[in-house]
Amino acid sequence: MNKNEFIKNSFGICDKAIAVVEEAENEVRGRFKHIDDNAEINQFRVMKAFSDNRVSDSHFVETTGYGYDDAGRDTLDRVYADIFGAEDALVRHNFISGTHTISTALFGVLRPGDTLMSVTGKPYDTLGEVIGTEGGEGNGSLKDFGVEYLQTELRSDGTPDFDAIKDALEKKEIKAVAIQRSRGYGRRPTYSAREIGDIVSFVKGISPKTVCIVDNCYGEFVDTEEPTAFGADIAAGSLIKNPGGGLALTGGYIAGKKKYVELCAYRLTSVGIGREAGASLGFNRRMYQGLFTAPHTVAQALKAAVLCGAVFEKLGFETEPKPTEERHDIIQSVIFGSKERLCAFCEGIQKGAPVDSFVTPEPWDMPGYSSQVIMAAGAFVQGASIELSADAPIRPPYIAYMQGGLTYESAKLGITVAADKIINME
């Protein structure tokens with residue numbers, strides 16, 4: 001029995017879905033080669049950092065209590081700093097999500113009376129309450145602590161409005177600029193590490209003391225360098241996304257200039273203690289191992305994203321980015337135009353997952369989001385978006401955001417099941 005017969009007989013996939021996926025896969029093999037080449041460079045970057053910092057089995061020993069002199073924890077910080085081309089890094093299992101990590105960076109750097117400005121439009125939904133643009137007063141947002149917020153909108157092509165940024169920087173002292181690498185629940189390009197470096201250079205050319213903070217979620221190891229290598233003061237992200245490689249059980253990282261990383265450490269623990277305390281509790285091994293596998297895992301997810309874009313473009317849907325475009329994060333958007341098709345797609349991705357494949361995802365009022373959200377996620381680590389998942393706010397034009405896939409083959413199955421569901425609706 002060949003693979004197509006097995007898929008058809010085992011999962012009840014129609015012939016058209018199998019044919020569309022196979023045709024799409026053959027058309028994008030050139031992109032796969034480019035992804036593999038980048039993954040090889042990134043793997044070498046990781047290997048050099050491990051070697052230069054003399055990573056050994058002793059770094060996997062757990063500590064408890066205060067966690068003083070945790071060599072594994074402190075060495076992992078240095079490994080991340082080297083990989084990110086940064087002066088310093090803070091890598092901890094205590095970070096519960098990307099939002100928590102970025103929030104820690106914002107509260108670490110900003111003080112009452114300061115101004116924060118986003119130069120890439122509206123930040124990701126869950127940061128609204130952190131900043132204070134959403135939610136009630138008195139919850140402890142930046143706004144509650146006297147931090148003013150400004151925002152420059154993107155141009156029609158999704159690029160930053162440098163004229164507006166210049167005007168804002170010249171009119172007012174801006175303590176920190178926020179740059180979101182990925183599109184979030186929006187429709188604009190994801191920015192490369194080098195493009196983010198160009199934004200940073202522009203900001204610093206007008207206001208050298210302004211701190212540039214990058215939400216780097218979903219972008220790690222997609223390019224062969226990170227934003228901190230191009231001048232960003234801070235880059236932050238989650239370990240249950242790209243850099244955890246699917247093995248980290250929780251956690252996040254902040255990499256960048258030493259003085260700012262120290263302020264973030266004070267925010268995470270307490271002033272005066274910072275990074276000196278914090279037991280690793282046995283998490284180190286999987287954080288190291290996940291980082292080691294991350295370049296390969298990210299490449300698998302990127303191939304899945306390319307295939308997804310190619311398949312649903314063939315089925316007549318608008319996709320972003322296009323299958324042939326250069327990519328700078330692992331997210332693939334598909335615009336379905338209706339709630340029914342959107343939900344069907346997420347149901348298909350869920351059925352192709354290794355965990356909870358029997359579950360039917362439904363829209364719900366997810367904390368931190370202004371619209372109902374549907375999430376397909378059958379992951380070994382709850383909420384891990386480096387594993388195959390798809391999510392979407394239930395609002396027009398009904399865009400699904402698919403990401404992840406620990407293996408290309410398993411992600412391909414999920415995409416095939418989703419395509420079958422959509423085809424059977426027509």
# chains A, B, ... in the order shown; residues from 1 in each chain; ligands from 1
$ residues_around --residues "region 288-301 of chain A" --least-positions-apart "2" --cutoff "6 Å" --atoms "only C-alpha atoms" --output "list in words"
Ala39, Asn42, Gln43, Phe221, Pro243, Gly244, Gly245, Leu247, Ala248, Arg285, Arg286, Lys303, Ala304, Gly404, Gly405, Leu406, Thr407 and Tyr408 of chain A
$ residues_around --residues "Ile349 (chain A)" --least-positions-apart "2" --cutoff "12 Å" --atoms "only C-alpha atoms" --output "VMD selection string"
chain A and resid 304 308 342 to 347 351 to 361 374 to 379 387 to 391 400 to 405 410 to 422
$ select_by_dssp --residues "region 294-416 of chain A" --states "alpha helix (DSSP H)" --output "ChimeraX atom specification"
/A:294-314,339-351,408-416
$ write_last_selection --atoms "N, CA and C atoms" --output "short mmCIF file (atom, residue, chain, number, x, y, z; two decimals), in the first residue's frame"
data_model
loop_
_atom_site.label_atom_id
_atom_site.label_comp_id
_atom_site.auth_asym_id
_atom_site.auth_seq_id
_atom_site.Cartn_x
_atom_site.Cartn_y
_atom_site.Cartn_z
N ALA A 294 15.83 23.26 18.09
CA ALA A 294 14.98 24.33 17.55
C ALA A 294 15.20 24.64 16.08
N PRO A 295 16.44 24.76 15.59
CA PRO A 295 16.59 25.08 14.16
C PRO A 295 15.91 24.06 13.25
N HIS A 296 16.04 22.78 13.59
CA HIS A 296 15.41 21.74 12.77
C HIS A 296 13.89 21.79 12.91
N THR A 297 13.41 21.96 14.14
CA THR A 297 11.97 21.99 14.38
C THR A 297 11.33 23.18 13.68
N VAL A 298 11.98 24.33 13.74
CA VAL A 298 11.46 25.52 13.06
C VAL A 298 11.40 25.28 11.55
N ALA A 299 12.40 24.60 11.01
CA ALA A 299 12.38 24.29 9.58
C ALA A 299 11.20 23.40 9.22
N GLN A 300 10.87 22.45 10.08
CA GLN A 300 9.71 21.59 9.84
C GLN A 300 8.43 22.43 9.81
N ALA A 301 8.33 23.35 10.77
CA ALA A 301 7.15 24.21 10.84
C ALA A 301 7.05 25.13 9.62
N LEU A 302 8.20 25.64 9.17
CA LEU A 302 8.21 26.51 7.99
C LEU A 302 7.76 25.75 6.74
N LYS A 303 8.21 24.53 6.59
CA LYS A 303 7.78 23.73 5.44
C LYS A 303 6.27 23.49 5.49
N ALA A 304 5.76 23.24 6.69
CA ALA A 304 4.32 23.05 6.84
C ALA A 304 3.56 24.31 6.45
N ALA A 305 4.08 25.47 6.85
CA ALA A 305 3.43 26.74 6.51
C ALA A 305 3.41 26.97 5.00
N VAL A 306 4.52 26.69 4.35
CA VAL A 306 4.60 26.83 2.90
C VAL A 306 3.60 25.90 2.22
N LEU A 307 3.54 24.65 2.66
CA LEU A 307 2.60 23.69 2.07
C LEU A 307 1.16 24.15 2.28
N CYS A 308 0.85 24.60 3.49
CA CYS A 308 -0.51 25.07 3.77
C CYS A 308 -0.90 26.21 2.82
N GLY A 309 0.00 27.18 2.65
CA GLY A 309 -0.28 28.29 1.75
C GLY A 309 -0.51 27.82 0.33
N ALA A 310 0.32 26.88 -0.12
CA ALA A 310 0.20 26.39 -1.49
C ALA A 310 -1.10 25.61 -1.70
N VAL A 311 -1.46 24.78 -0.74
CA VAL A 311 -2.67 23.96 -0.86
C VAL A 311 -3.92 24.84 -0.92
N PHE A 312 -4.04 25.79 0.00
CA PHE A 312 -5.28 26.56 0.06
C PHE A 312 -5.33 27.65 -1.01
N GLU A 313 -4.19 28.04 -1.53
CA GLU A 313 -4.20 28.91 -2.70
C GLU A 313 -4.77 28.15 -3.89
N LYS A 314 -4.42 26.88 -4.01
CA LYS A 314 -4.96 26.06 -5.09
C LYS A 314 -6.47 25.84 -4.94
N LYS A 339 -17.35 32.27 8.66
CA LYS A 339 -17.11 31.59 9.94
C LYS A 339 -17.14 30.08 9.75
N GLU A 340 -18.03 29.60 8.90
CA GLU A 340 -18.20 28.16 8.72
C GLU A 340 -16.95 27.51 8.15
N ARG A 341 -16.38 28.12 7.10
CA ARG A 341 -15.16 27.56 6.50
C ARG A 341 -13.98 27.68 7.47
N LEU A 342 -13.92 28.80 8.19
CA LEU A 342 -12.85 28.99 9.16
C LEU A 342 -12.88 27.89 10.22
N CYS A 343 -14.05 27.64 10.76
CA CYS A 343 -14.18 26.61 11.80
C CYS A 343 -13.90 25.21 11.25
N ALA A 344 -14.31 24.98 10.01
CA ALA A 344 -14.04 23.68 9.39
C ALA A 344 -12.53 23.44 9.23
N PHE A 345 -11.82 24.49 8.85
CA PHE A 345 -10.37 24.38 8.73
C PHE A 345 -9.74 24.03 10.07
N CYS A 346 -10.15 24.72 11.12
CA CYS A 346 -9.58 24.44 12.45
C CYS A 346 -9.94 23.03 12.92
N GLU A 347 -11.15 22.58 12.59
CA GLU A 347 -11.54 21.21 12.94
C GLU A 347 -10.64 20.20 12.23
N GLY A 348 -10.29 20.49 10.98
CA GLY A 348 -9.41 19.60 10.24
C GLY A 348 -8.01 19.54 10.82
N ILE A 349 -7.46 20.70 11.20
CA ILE A 349 -6.14 20.73 11.82
C ILE A 349 -6.15 19.95 13.13
N GLN A 350 -7.24 20.10 13.90
CA GLN A 350 -7.35 19.37 15.17
C GLN A 350 -7.36 17.87 14.93
N LYS A 351 -8.07 17.42 13.91
CA LYS A 351 -8.15 15.99 13.64
C LYS A 351 -6.81 15.42 13.16
N TYR A 408 7.30 17.65 9.72
CA TYR A 408 6.60 18.07 8.50
C TYR A 408 5.52 17.07 8.13
N GLU A 409 5.82 15.79 8.29
CA GLU A 409 4.89 14.74 7.87
C GLU A 409 3.57 14.81 8.65
N SER A 410 3.66 15.02 9.97
CA SER A 410 2.43 15.10 10.76
C SER A 410 1.64 16.36 10.42
N ALA A 411 2.35 17.47 10.20
CA ALA A 411 1.67 18.70 9.81
C ALA A 411 1.00 18.54 8.45
N LYS A 412 1.66 17.85 7.55
CA LYS A 412 1.09 17.61 6.22
C LYS A 412 -0.24 16.85 6.35
N LEU A 413 -0.30 15.90 7.26
CA LEU A 413 -1.55 15.17 7.47
C LEU A 413 -2.65 16.10 7.94
N GLY A 414 -2.33 16.96 8.91
CA GLY A 414 -3.33 17.91 9.40
C GLY A 414 -3.83 18.82 8.30
N ILE A 415 -2.93 19.30 7.46
CA ILE A 415 -3.30 20.18 6.34
C ILE A 415 -4.17 19.43 5.35
N THR A 416 -3.86 18.15 5.12
CA THR A 416 -4.64 17.34 4.19
C THR A 416 -6.06 17.13 4.72
#
$ residues_around --residues "region 105-120 of chain A" --least-positions-apart "4" --cutoff "7 Å" --atoms "only C-alpha atoms" --output "list of chain:residue names"
A:Thr101, A:Phe145, A:Gly146, A:Val147, A:Glu148, A:Tyr149, A:Leu150, A:Gln151, A:Thr152, A:Glu153, A:Leu154, A:Pro160, A:Ile165, A:Ile174, A:Lys175, A:Ala176, A:Val177, A:Ala178, A:Ile179, A:Gln180, A:Tyr260, A:Leu263, A:Cys264, A:Arg267
$ atom_distance --atom1 "CA of Arg73 (chain A)" --atom2 "CA of Val222 (chain A)"
25.1 Å
$ select_by_dssp --residues "region 129-364 of chain A" --states "strand (DSSP E or B)" --output "ChimeraX atom specification"
/A:148-151,154,160,176-180,211-215,234-238,252-256,318-320,332-335,364
$ write_last_selection --atoms "N, CA and C atoms" --output "CSV table (one decimal), in the first residue's frame"
chain,number,residue,atom,x,y,z
A,148,GLU,N,2.6,56.7,29.4
A,148,GLU,CA,1.7,57.1,28.3
A,148,GLU,C,2.0,56.2,27.1
A,149,TYR,N,1.0,56.0,26.3
A,149,TYR,CA,1.1,55.1,25.1
A,149,TYR,C,0.8,55.9,23.8
A,150,LEU,N,1.6,55.8,22.8
A,150,LEU,CA,1.4,56.3,21.5
A,150,LEU,C,1.5,55.1,20.5
A,151,GLN,N,1.0,55.4,19.3
A,151,GLN,CA,1.0,54.3,18.3
A,151,GLN,C,1.1,55.0,16.9
A,154,LEU,N,0.6,51.6,10.4
A,154,LEU,CA,1.4,51.2,9.3
A,154,LEU,C,0.8,51.8,8.0
A,160,PRO,N,6.3,50.1,8.2
A,160,PRO,CA,6.2,51.2,9.2
A,160,PRO,C,6.2,52.6,8.5
A,176,ALA,N,10.7,54.3,25.1
A,176,ALA,CA,10.8,53.0,24.5
A,176,ALA,C,9.9,52.9,23.3
A,177,VAL,N,10.4,52.2,22.3
A,177,VAL,CA,9.7,51.9,21.1
A,177,VAL,C,9.4,50.4,21.0
A,178,ALA,N,8.2,50.0,20.8
A,178,ALA,CA,7.8,48.6,20.7
A,178,ALA,C,7.7,48.2,19.2
A,179,ILE,N,8.4,47.1,18.8
A,179,ILE,CA,8.3,46.6,17.5
A,179,ILE,C,7.9,45.1,17.5
A,180,GLN,N,6.8,44.8,16.8
A,180,GLN,CA,6.3,43.5,16.8
A,180,GLN,C,6.7,42.8,15.5
A,211,VAL,N,14.8,53.2,23.9
A,211,VAL,CA,15.0,51.8,24.0
A,211,VAL,C,14.1,51.0,23.0
A,212,CYS,N,14.7,50.2,22.2
A,212,CYS,CA,13.9,49.5,21.1
A,212,CYS,C,13.7,48.0,21.6
A,213,ILE,N,12.4,47.7,21.8
A,213,ILE,CA,12.0,46.4,22.4
A,213,ILE,C,11.2,45.6,21.3
A,214,VAL,N,11.7,44.4,21.0
A,214,VAL,CA,11.1,43.6,20.0
A,214,VAL,C,10.4,42.4,20.5
A,215,ASP,N,9.1,42.3,20.1
A,215,ASP,CA,8.3,41.1,20.3
A,215,ASP,C,8.8,40.2,19.2
A,234,ILE,N,16.4,45.0,23.1
A,234,ILE,CA,15.8,43.8,23.8
A,234,ILE,C,15.0,43.1,22.7
A,235,ALA,N,15.1,41.7,22.8
A,235,ALA,CA,14.2,40.9,22.0
A,235,ALA,C,13.6,39.8,23.0
A,236,ALA,N,12.4,39.6,23.0
A,236,ALA,CA,11.7,38.7,23.9
A,236,ALA,C,10.8,37.7,23.2
A,237,GLY,N,10.7,36.5,23.8
A,237,GLY,CA,9.8,35.5,23.2
A,237,GLY,C,9.6,34.4,24.2
A,238,SER,N,8.8,33.4,23.7
A,238,SER,CA,8.3,32.3,24.5
A,238,SER,C,9.1,31.0,24.1
A,252,GLY,N,10.4,31.4,28.9
A,252,GLY,CA,10.6,32.5,28.0
A,252,GLY,C,12.0,33.0,28.1
A,253,TYR,N,12.4,33.9,27.2
A,253,TYR,CA,13.7,34.5,27.2
A,253,TYR,C,13.6,36.0,26.9
A,254,ILE,N,14.6,36.7,27.4
A,254,ILE,CA,14.8,38.1,27.1
A,254,ILE,C,16.3,38.3,26.8
A,255,ALA,N,16.6,38.8,25.6
A,255,ALA,CA,18.0,38.9,25.2
A,255,ALA,C,18.2,40.4,24.8
A,256,GLY,N,19.4,40.9,25.0
A,256,GLY,CA,19.7,42.2,24.6
A,256,GLY,C,20.9,42.9,25.4
A,318,GLU,N,-7.3,33.2,-0.6
A,318,GLU,CA,-6.2,34.2,-0.5
A,318,GLU,C,-5.3,33.7,0.7
A,319,THR,N,-4.0,33.7,0.5
A,319,THR,CA,-3.1,33.3,1.6
A,319,THR,C,-2.0,34.3,1.8
A,320,GLU,N,-1.6,34.4,3.0
A,320,GLU,CA,-0.5,35.4,3.3
A,320,GLU,C,0.4,34.7,4.3
A,332,GLN,N,1.2,31.0,8.9
A,332,GLN,CA,0.6,31.0,7.6
A,332,GLN,C,-0.9,31.5,7.8
A,333,SER,N,-1.3,32.5,7.1
A,333,SER,CA,-2.7,33.0,7.1
A,333,SER,C,-3.5,32.5,5.9
A,334,VAL,N,-4.7,32.1,6.2
A,334,VAL,CA,-5.6,31.8,5.1
A,334,VAL,C,-6.9,32.6,5.3
A,335,ILE,N,-7.4,33.3,4.3
A,335,ILE,CA,-8.6,34.1,4.5
A,335,ILE,C,-9.7,33.3,3.9
A,364,TRP,N,-14.6,30.5,21.7
A,364,TRP,CA,-14.9,30.8,23.1
A,364,TRP,C,-14.3,32.1,23.5
$ atom_distance --atom1 "CA of Ala19 (chain A)" --atom2 "CA of Ile331 (chain A)"
24.0 Å
$ residues_around --residues "Ile83 (chain A)" --least-positions-apart "3" --cutoff "8 Å" --atoms "only C-alpha atoms" --output "list in words"
Arg45, Val46, Ala49, Val79, Tyr80 and Ala86 of chain A
$ residues_around --residues "region 140-142 of chain A" --least-positions-apart "6" --cutoff "6 Å" --atoms "only C-alpha atoms" --output "list in words"
Val130, Ile131 and Gly132 of chain A
$ closest_residue --among "A:Thr210, A:Gln372, A:Phe162, A:Glu129" --to "Asp144 (chain A)" --atoms "only C-alpha atoms"
A:Glu129
